[in-house]
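Enquirer: Mind looking over this structure? Questions follow.
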Amino acid sequence: MSQKKPEKLIDENEIRLDGRKLNEIRPTKIEVGILGNADGSAYIEQGKNKILAAVYGPKEVHPKHLALPDRAVLRCRYHMAPFSVEERKSPAPSRRELELSKVIRECLEPSIFTEYYPRTSIDLFIEVLQADGGTRCAGITVASVALADAGIPMRDLVSACAAGKVEGRLVLDLTDVEDKAGEADMPLAYMPNANAITLLQMDGMLTGEEFEQVVNLAIDGCKQVGQIQKEALRAKYVVAKEAEAEKEEAEEGEE
Amino acid sequence: MPVFYERRQLVTPGDLLAENDYVAGENTHKENGRIYATRVGLVNYADKGVYVVALKSFYVPMVGDTVIGKVVEVTLGGWVVDIRAPYLAMLRASDALERPFKPQKDDLPSLFDVGDMLIANIVAYDRTRDPLLTVLERGLGKITRGQIIEITPTKIPRVIGKQGSMISMLKQETGCQITIGQNGRILISGKSPEDERLAAMAIRKIEQEAHTSGLTDRVTEMLRKEKGEKEVIKNVTEETRKTN
Amino acid sequence: MSSIMASRVRQKRIAQLISRGKRLDGRGLTDYRKVQVEVGLIERAEGSARVRLGKTEVLVGVKFEMGEPFPDTPNEGVLTVNAELVPLASPTFEPGPPDENSIELARVVDRGIRESKAIATDELCIEPGEKVFVVFVDVYVLNHDGNLIDASCLAALAALLNTKMFNYEVKEGEVKIKPGYKPLPIRNHPVAVTFAKFNDKLVVDPWLEEEQVMDARLTMTVEKDGKICAIQKGGYGYFTAEQVLEASKIARQKAEEQRKLVVKE
């Protein structure tokens, strides 16, 4: 049961299949602190992507020989649920998931003050419940929020977004069908304060000039994602504050 | 001297709080003359410093702190204690027994067993090893009665209050003994479970509203109202009994 | 038994030199180590090549099998790249199933070949929808002295250019081998160029000790017309946007130079 490749991905008005303009990211919603047991957690919906991230730690490392004497060790598991894709995927970790677990770990570590917690581990789990292209970027985005929710001190949030080339046009935030049928897909993760790119991969074909434009487009996408991340973290607090205010008002009303 | 936020505004990691001559306080980080928040919380400026009161953080052990811990393992020479920190703490037999430890004679589990809660002080801690505890000082030792509640460690100072004003009020209004663990655990020991429940309720309210002002008065009022209501209910019940 | 970990003093020296634009082994910041390429050394493989990049040594063997095509590409052959960090190559390589490092290496080599469409997979169809050739590219690391990616990609390219397919015809659904060979049809020549970052400096072809000190690494694979067909950032540090763009310019130039070592005009 495979998807039929659509005739055209972008129409004459430069509008994409899902109605977006070339430089628009998919509608994104992030909820914070949704899992009870994890020290930090967050959930993201970006277009059809549905991804959960959870953080445990800092805590003692098991097995002990993996501990580092001068900082915390970040362990990351990126995993896709069997029902997350069109054709059921085996639950066993694939080579792609292992590679992504590595690059995502290398992408988030620069943002964490690991040197504050020697000999501990920070365990990060990213579970893709439904996938539609750009899952590593959405995974990084939601993982960074989960780390902040866990109260782990960070230099900056890490925001991620992919940009690429589809039917000759440079586009932002590719869906699965755009990635498969397009000419290039470039996931990028960014820490704005340091102007730091902590994840960069590309497959496809881009000229030097196109590459420069795509990098700038992706960074712009990351900045948009960053605003959404901050709002989500603030929203959790505001909700609590509003709930208190409502309670106080109700109590005053009774008197 | 540029500052970028107002007092008590909510900031997130990476937010630029101040530039140049400010001193980087708690939950902030200075880089190239710029001070950024490292945690989600409320920013505050004081004197020439800027700091963030974190919404959520975990306890980091400090020598001298009193903590409430749970025994998770009994080893050959002591106990491993969970103090709700990134590190497990150690309590050596020599820091629990007043006399020298004799492995053949002294049965450690009979002193503290897995699952026991203790009040202890941190005597040693540095980056190279886990924190060390002692129970040999006054007021320390196994917890045998009362209730323990857990709150975010950052709110502990609020439960204590300025010069202990909040905790004195709590003890007075509820008649309970209240022992504070810097690691976010609080022991409440009262004459009745009702009194303990009152104290727990008050502490939860403090945790939720720690960032607001006039809290001490509001908590006092709440406690008095609760106690008043109970008096009313008690009288009504007695009346009902009398008439029946 | 010596440890491969450079001493602190040496690490400091490497970093200091680079900040001044020099390298411990005397190379310029964008110079490659000496490259030696040998092809056809494993007769049992359909194609093979060994690349020595400085002291790093990688052997690649190419083998064919017949198999089913993927459902969304019924008329195309299949490419599979595997990499093994053979335990004898380094005291840090342990025997066992592929770990994240060997998986990353294989996937980066794969990306370069696949995205540049180096292999003409449309010419590897035996029976549409039923039978195609499966090309196995196996990367075998024999000595690790840094920059396994560039050495592996170069060896893979050389091995593919060296690969011969047997002639065949399909009779009554059966594949009959005919005498003679033809070269595997190759349409592109991807070359990987890897950079190491040391603060604000970029260095091409880091050797092992430089890799231990670097902030992060960035690999750009460039195809024969100068387009970038694969990128992989690795390591715990980061690159600024300016550094990434600078690297792309240097990569295109270095790839052309390196390509000449393997592709004879």
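Labels used: A, B, ... for chains in the order of the structure tokens, numbers from 1 for residues in each chain, and numbers from 1 for ligands as shown.
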Can you write out as a tab-separated table which residues of chain A fall within 9 Å of chain B, alongside each residue's closest atom pair and its distance in Å to one decimal, counting only C-alpha atoms and ordering rows by chain and ascending residue number?
Expert:
residue	atom	partner	partner_atom	distance
A:Gly57	CA	B:Pro86	CA	6.8
A:Pro58	CA	B:Pro86	CA	5.1
A:Lys59	CA	B:Pro86	CA	4.2
A:Glu60	CA	B:Tyr87	CA	5.9
A:Pro69	CA	B:Thr128	CA	7.1
A:Asp70	CA	B:Arg127	CA	7.8
A:Phe113	CA	B:Thr38	CA	8.8
A:Tyr116	CA	B:Arg127	CA	8.7
A:Tyr117	CA	B:Pro86	CA	7.7
A:Pro118	CA	B:Arg127	CA	6.6
A:Arg119	CA	B:Thr128	CA	8.1
A:Thr120	CA	B:Pro86	CA	6.8
A:Ser121	CA	B:Pro86	CA	8.7
A:Ala148	CA	B:Arg39	CA	6.5
A:Asp149	CA	B:Lys56	CA	7.3
A:Ala150	CA	B:Lys56	CA	7.0
A:Gly151	CA	B:Ser57	CA	4.5
A:Ile152	CA	B:Arg39	CA	7.0
A:Pro153	CA	B:Thr38	CA	4.9
A:Met154	CA	B:Thr38	CA	4.8
A:Arg155	CA	B:Gly14	CA	5.6
A:Asp156	CA	B:Gly14	CA	3.8
A:Leu157	CA	B:Pro13	CA	6.1
A:Met191	CA	B:Gly14	CA	8.7
A:Pro192	CA	B:Gly14	CA	8.4
A:Asn193	CA	B:Gly14	CA	7.0
A:Lys230	CA	B:Thr12	CA	6.4
A:Leu233	CA	B:Thr12	CA	7.2
A:Arg234	CA	B:Leu10	CA	6.8
A:Tyr237	CA	B:Leu55	CA	8.2
A:Ala240	CA	B:Gln208	CA	8.3
A:Lys241	CA	B:Glu209	CA	8.3
A:Glu244	CA	B:Glu209	CA	7.8
Enquirer: Return as a PyMOL selection string the residues belonging to chain C that are within 9 Å of chain A, counting only C-alpha atoms.
Expert: chain C and resi 71-72+99-101+103-104+107+111-112+114-116+218-220+222-223+225-241+244-245+248-249+252
Enquirer: Would you output that residue set with N, CA and C atoms, as a compact mmCIF listing (two decimals), in the first residue's frame?
Expert:
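Output below, filename selection-v3.txt:
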# COMPACT_ATOMS: atom_id res chain seq x y z
N PRO C 71 9.40 -1.51 -4.25
CA PRO C 71 8.11 -1.32 -4.91
C PRO C 71 7.96 0.03 -5.62
N ASP C 72 8.56 1.10 -5.08
CA ASP C 72 8.36 2.38 -5.77
C ASP C 72 9.38 2.65 -6.87
N ASP C 99 27.96 -0.21 15.24
CA ASP C 99 27.56 0.80 16.21
C ASP C 99 27.20 2.07 15.46
N GLU C 100 26.85 3.13 16.20
CA GLU C 100 26.35 4.34 15.53
C GLU C 100 27.42 4.95 14.62
N ASN C 101 28.69 4.78 14.94
CA ASN C 101 29.74 5.36 14.10
C ASN C 101 29.84 4.67 12.75
N ILE C 103 27.48 2.96 11.36
CA ILE C 103 26.22 3.20 10.64
C ILE C 103 26.26 4.58 10.00
N GLU C 104 26.74 5.58 10.75
CA GLU C 104 26.81 6.93 10.18
C GLU C 104 27.74 6.94 8.97
N ARG C 107 26.07 5.40 5.97
CA ARG C 107 24.98 6.20 5.42
C ARG C 107 25.49 7.46 4.73
N ARG C 111 24.82 8.18 0.89
CA ARG C 111 24.15 9.40 0.44
C ARG C 111 24.88 10.02 -0.74
N GLY C 112 26.20 10.05 -0.66
CA GLY C 112 26.98 10.65 -1.75
C GLY C 112 26.73 9.95 -3.07
N ARG C 114 24.21 7.82 -3.80
CA ARG C 114 22.80 7.76 -4.17
C ARG C 114 22.29 9.10 -4.70
N GLU C 115 22.59 10.17 -3.99
CA GLU C 115 22.02 11.47 -4.37
C GLU C 115 22.66 12.01 -5.64
N SER C 116 23.91 11.65 -5.91
CA SER C 116 24.55 12.12 -7.13
C SER C 116 24.18 11.21 -8.30
N LEU C 218 32.36 18.71 9.67
CA LEU C 218 31.35 18.96 8.65
C LEU C 218 31.82 18.33 7.36
N THR C 219 30.99 17.47 6.79
CA THR C 219 31.35 16.82 5.54
C THR C 219 30.43 17.31 4.44
N MET C 220 31.03 17.68 3.30
CA MET C 220 30.23 18.07 2.14
C MET C 220 30.64 17.18 0.98
N VAL C 222 30.53 16.53 -2.96
CA VAL C 222 30.34 17.33 -4.17
C VAL C 222 30.40 16.43 -5.39
N GLU C 223 29.45 16.62 -6.32
CA GLU C 223 29.46 15.77 -7.52
C GLU C 223 30.24 16.47 -8.64
N ASP C 225 29.76 18.10 -11.31
CA ASP C 225 29.48 19.44 -11.83
C ASP C 225 29.55 20.51 -10.75
N GLY C 226 30.03 20.16 -9.59
CA GLY C 226 30.20 21.16 -8.54
C GLY C 226 28.98 21.35 -7.65
N LYS C 227 27.95 20.53 -7.85
CA LYS C 227 26.80 20.65 -6.97
C LYS C 227 27.06 19.86 -5.69
N ILE C 228 26.45 20.33 -4.60
CA ILE C 228 26.59 19.61 -3.33
C ILE C 228 25.48 18.58 -3.27
N CYS C 229 25.83 17.33 -2.99
CA CYS C 229 24.79 16.31 -2.99
C CYS C 229 24.58 15.65 -1.61
N ALA C 230 25.45 15.94 -0.69
CA ALA C 230 25.24 15.40 0.65
C ALA C 230 26.00 16.25 1.65
N ILE C 231 25.42 16.41 2.82
CA ILE C 231 26.09 17.14 3.90
C ILE C 231 25.85 16.39 5.20
N GLN C 232 26.86 16.33 6.04
CA GLN C 232 26.68 15.72 7.36
C GLN C 232 27.55 16.46 8.36
N LYS C 233 26.89 17.02 9.37
CA LYS C 233 27.65 17.62 10.47
C LYS C 233 27.76 16.57 11.56
N GLY C 234 28.93 16.49 12.20
CA GLY C 234 29.09 15.52 13.28
C GLY C 234 29.86 16.14 14.42
N GLY C 235 29.81 15.50 15.58
CA GLY C 235 30.53 16.02 16.73
C GLY C 235 29.67 16.95 17.54
N TYR C 236 30.17 17.28 18.75
CA TYR C 236 29.34 17.98 19.71
C TYR C 236 29.33 19.49 19.60
N GLY C 237 30.13 20.08 18.74
CA GLY C 237 30.16 21.54 18.67
C GLY C 237 29.21 22.05 17.62
N TYR C 238 29.51 23.23 17.09
CA TYR C 238 28.64 23.81 16.09
C TYR C 238 29.45 24.57 15.06
N PHE C 239 28.79 24.96 13.96
CA PHE C 239 29.38 25.82 12.95
C PHE C 239 28.51 27.06 12.83
N THR C 240 29.12 28.20 12.55
CA THR C 240 28.29 29.37 12.28
C THR C 240 27.83 29.29 10.83
N ALA C 241 26.82 30.09 10.50
CA ALA C 241 26.32 30.07 9.12
C ALA C 241 27.44 30.47 8.16
N VAL C 244 29.74 27.60 7.49
CA VAL C 244 29.13 26.59 6.63
C VAL C 244 29.25 27.02 5.17
N LEU C 245 29.00 28.30 4.92
CA LEU C 245 29.08 28.77 3.53
C LEU C 245 30.53 28.78 3.04
N SER C 248 31.47 25.34 2.08
CA SER C 248 30.90 24.86 0.81
C SER C 248 31.77 25.31 -0.36
N LYS C 249 32.34 26.52 -0.24
CA LYS C 249 33.19 27.01 -1.34
C LYS C 249 34.49 26.21 -1.42
N ARG C 252 33.99 22.59 -2.80
CA ARG C 252 33.84 22.42 -4.24
C ARG C 252 35.20 22.42 -4.92
Enquirer: Write out as a list in words the residues lying within 7 Å of range 143-159 of chain B, counting only C-alpha atoms and excluding same-chain residues fewer than 3 positions away.
Expert: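 Once the adjacent positions are removed, what remains is Ala54, Lys56, Ser57, Phe58, Tyr59, Met117, Leu118, Ile119, Met166, Ile167, Gln182, Asn183, Gly184, Arg185, Ile186, Leu187, Ile188, Ser189, Gly190, Ile203, Ile206, Glu207 and Ala210 of chain B.
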Enquirer: Out of range 52-127 of chain B, which residues get helix (DSSP H, G or I) from DSSP, as a list in words?
Expert: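 Filtering range 52-127 of chain B to helix (DSSP H, G or I) leaves Ala93, Ser94, Asp95, Leu108, Pro109, Ser110 and Leu111 of chain B.
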Enquirer: Residues near Gly77 in chain C, anyone? I mean within 12 Å using only C-alpha atoms, not counting same-chain ones fewer than 6 positions away, as an MDAnalysis selection string.
Expert: chainID C and resid 64:71 114 117 119:136 184:185
Enquirer: Can you write just those residues out, N, CA and C atoms, as a PDB file, in the first residue's frame?
Expert:
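Saved to result.pdb:
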ATOM      1  N   PHE C  64      27.905  -8.127  -6.502  1.00  0.00           N
ATOM      2  CA  PHE C  64      26.565  -8.107  -7.077  1.00  0.00           C
ATOM      3  C   PHE C  64      25.751  -9.281  -6.596  1.00  0.00           C
ATOM      4  N   GLU C  65      24.461  -9.029  -6.476  1.00  0.00           N
ATOM      5  CA  GLU C  65      23.535 -10.141  -6.281  1.00  0.00           C
ATOM      6  C   GLU C  65      22.308  -9.817  -7.103  1.00  0.00           C
ATOM      7  N   MET C  66      21.464 -10.788  -7.279  1.00  0.00           N
ATOM      8  CA  MET C  66      20.199 -10.496  -7.947  1.00  0.00           C
ATOM      9  C   MET C  66      19.102 -10.511  -6.900  1.00  0.00           C
ATOM     10  N   GLY C  67      18.197  -9.576  -7.013  1.00  0.00           N
ATOM     11  CA  GLY C  67      17.142  -9.513  -6.013  1.00  0.00           C
ATOM     12  C   GLY C  67      15.936  -8.759  -6.519  1.00  0.00           C
ATOM     13  N   GLU C  68      14.990  -8.552  -5.616  1.00  0.00           N
ATOM     14  CA  GLU C  68      13.769  -7.838  -5.982  1.00  0.00           C
ATOM     15  C   GLU C  68      13.978  -6.341  -5.875  1.00  0.00           C
ATOM     16  N   PRO C  69      13.363  -5.595  -6.788  1.00  0.00           N
ATOM     17  CA  PRO C  69      13.482  -4.136  -6.669  1.00  0.00           C
ATOM     18  C   PRO C  69      12.567  -3.610  -5.559  1.00  0.00           C
ATOM     19  N   PHE C  70      12.758  -2.368  -5.169  1.00  0.00           N
ATOM     20  CA  PHE C  70      11.835  -1.725  -4.233  1.00  0.00           C
ATOM     21  C   PHE C  70      10.540  -1.425  -4.959  1.00  0.00           C
ATOM     22  N   PRO C  71       9.405  -1.506  -4.253  1.00  0.00           N
ATOM     23  CA  PRO C  71       8.112  -1.320  -4.912  1.00  0.00           C
ATOM     24  C   PRO C  71       7.963   0.032  -5.621  1.00  0.00           C
ATOM     25  N   ARG C 114      24.210   7.817  -3.802  1.00  0.00           N
ATOM     26  CA  ARG C 114      22.796   7.763  -4.171  1.00  0.00           C
ATOM     27  C   ARG C 114      22.290   9.096  -4.701  1.00  0.00           C
ATOM     28  N   LYS C 117      23.410  10.173  -8.012  1.00  0.00           N
ATOM     29  CA  LYS C 117      23.018   9.176  -9.012  1.00  0.00           C
ATOM     30  C   LYS C 117      24.260   8.648  -9.725  1.00  0.00           C
ATOM     31  N   ILE C 119      25.598   5.686  -9.706  1.00  0.00           N
ATOM     32  CA  ILE C 119      25.373   4.412 -10.379  1.00  0.00           C
ATOM     33  C   ILE C 119      24.107   4.539 -11.232  1.00  0.00           C
ATOM     34  N   ALA C 120      24.212   4.108 -12.487  1.00  0.00           N
ATOM     35  CA  ALA C 120      23.042   4.171 -13.373  1.00  0.00           C
ATOM     36  C   ALA C 120      22.128   3.001 -13.043  1.00  0.00           C
ATOM     37  N   THR C 121      21.356   3.149 -11.986  1.00  0.00           N
ATOM     38  CA  THR C 121      20.533   2.023 -11.516  1.00  0.00           C
ATOM     39  C   THR C 121      19.452   1.633 -12.517  1.00  0.00           C
ATOM     40  N   ASP C 122      19.114   2.551 -13.426  1.00  0.00           N
ATOM     41  CA  ASP C 122      18.098   2.191 -14.414  1.00  0.00           C
ATOM     42  C   ASP C 122      18.645   1.187 -15.422  1.00  0.00           C
ATOM     43  N   GLU C 123      19.978   1.038 -15.460  1.00  0.00           N
ATOM     44  CA  GLU C 123      20.555   0.041 -16.365  1.00  0.00           C
ATOM     45  C   GLU C 123      20.809  -1.284 -15.654  1.00  0.00           C
ATOM     46  N   LEU C 124      20.303  -1.399 -14.428  1.00  0.00           N
ATOM     47  CA  LEU C 124      20.541  -2.626 -13.666  1.00  0.00           C
ATOM     48  C   LEU C 124      19.275  -3.459 -13.536  1.00  0.00           C
ATOM     49  N   CYS C 125      18.337  -3.219 -14.449  1.00  0.00           N
ATOM     50  CA  CYS C 125      17.081  -3.948 -14.368  1.00  0.00           C
ATOM     51  C   CYS C 125      17.164  -5.208 -15.215  1.00  0.00           C
ATOM     52  N   ILE C 126      16.829  -6.335 -14.633  1.00  0.00           N
ATOM     53  CA  ILE C 126      16.873  -7.601 -15.374  1.00  0.00           C
ATOM     54  C   ILE C 126      15.491  -7.920 -15.898  1.00  0.00           C
ATOM     55  N   GLU C 127      14.525  -7.902 -14.998  1.00  0.00           N
ATOM     56  CA  GLU C 127      13.132  -8.120 -15.379  1.00  0.00           C
ATOM     57  C   GLU C 127      12.300  -7.095 -14.638  1.00  0.00           C
ATOM     58  N   PRO C 128      11.671  -6.176 -15.335  1.00  0.00           N
ATOM     59  CA  PRO C 128      10.980  -5.066 -14.651  1.00  0.00           C
ATOM     60  C   PRO C 128      10.021  -5.558 -13.581  1.00  0.00           C
ATOM     61  N   GLY C 129      10.145  -5.007 -12.410  1.00  0.00           N
ATOM     62  CA  GLY C 129       9.240  -5.339 -11.311  1.00  0.00           C
ATOM     63  C   GLY C 129       9.566  -6.650 -10.629  1.00  0.00           C
ATOM     64  N   GLU C 130      10.476  -7.433 -11.213  1.00  0.00           N
ATOM     65  CA  GLU C 130      10.731  -8.775 -10.675  1.00  0.00           C
ATOM     66  C   GLU C 130      12.150  -8.957 -10.190  1.00  0.00           C
ATOM     67  N   LYS C 131      13.070  -8.658 -11.106  1.00  0.00           N
ATOM     68  CA  LYS C 131      14.466  -8.951 -10.794  1.00  0.00           C
ATOM     69  C   LYS C 131      15.356  -7.807 -11.213  1.00  0.00           C
ATOM     70  N   VAL C 132      16.228  -7.420 -10.264  1.00  0.00           N
ATOM     71  CA  VAL C 132      17.206  -6.376 -10.578  1.00  0.00           C
ATOM     72  C   VAL C 132      18.531  -6.768  -9.944  1.00  0.00           C
ATOM     73  N   PHE C 133      19.575  -6.025 -10.310  1.00  0.00           N
ATOM     74  CA  PHE C 133      20.856  -6.239  -9.660  1.00  0.00           C
ATOM     75  C   PHE C 133      20.891  -5.444  -8.356  1.00  0.00           C
ATOM     76  N   VAL C 134      21.426  -6.075  -7.325  1.00  0.00           N
ATOM     77  CA  VAL C 134      21.649  -5.382  -6.060  1.00  0.00           C
ATOM     78  C   VAL C 134      23.144  -5.177  -5.939  1.00  0.00           C
ATOM     79  N   VAL C 135      23.541  -3.926  -5.816  1.00  0.00           N
ATOM     80  CA  VAL C 135      24.971  -3.615  -5.716  1.00  0.00           C
ATOM     81  C   VAL C 135      25.323  -3.443  -4.243  1.00  0.00           C
ATOM     82  N   PHE C 136      26.195  -4.296  -3.747  1.00  0.00           N
ATOM     83  CA  PHE C 136      26.654  -4.189  -2.364  1.00  0.00           C
ATOM     84  C   PHE C 136      28.002  -3.471  -2.341  1.00  0.00           C
ATOM     85  N   LEU C 184      30.506  -1.441 -14.817  1.00  0.00           N
ATOM     86  CA  LEU C 184      29.287  -0.942 -14.180  1.00  0.00           C
ATOM     87  C   LEU C 184      29.065   0.487 -14.663  1.00  0.00           C
ATOM     88  N   PRO C 185      27.872   0.790 -15.170  1.00  0.00           N
ATOM     89  CA  PRO C 185      27.665   2.152 -15.695  1.00  0.00           C
ATOM     90  C   PRO C 185      27.665   3.199 -14.568  1.00  0.00           C
TER      91      PRO C 185
END
Enquirer: Work out how far apart CA of Ala53 in chain A and CA of Ile126 in chain A are and give it in Å to one decimal.
Expert: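 CA of Ile126 in chain A lies 4.5 Å from CA of Ala53 in chain A.
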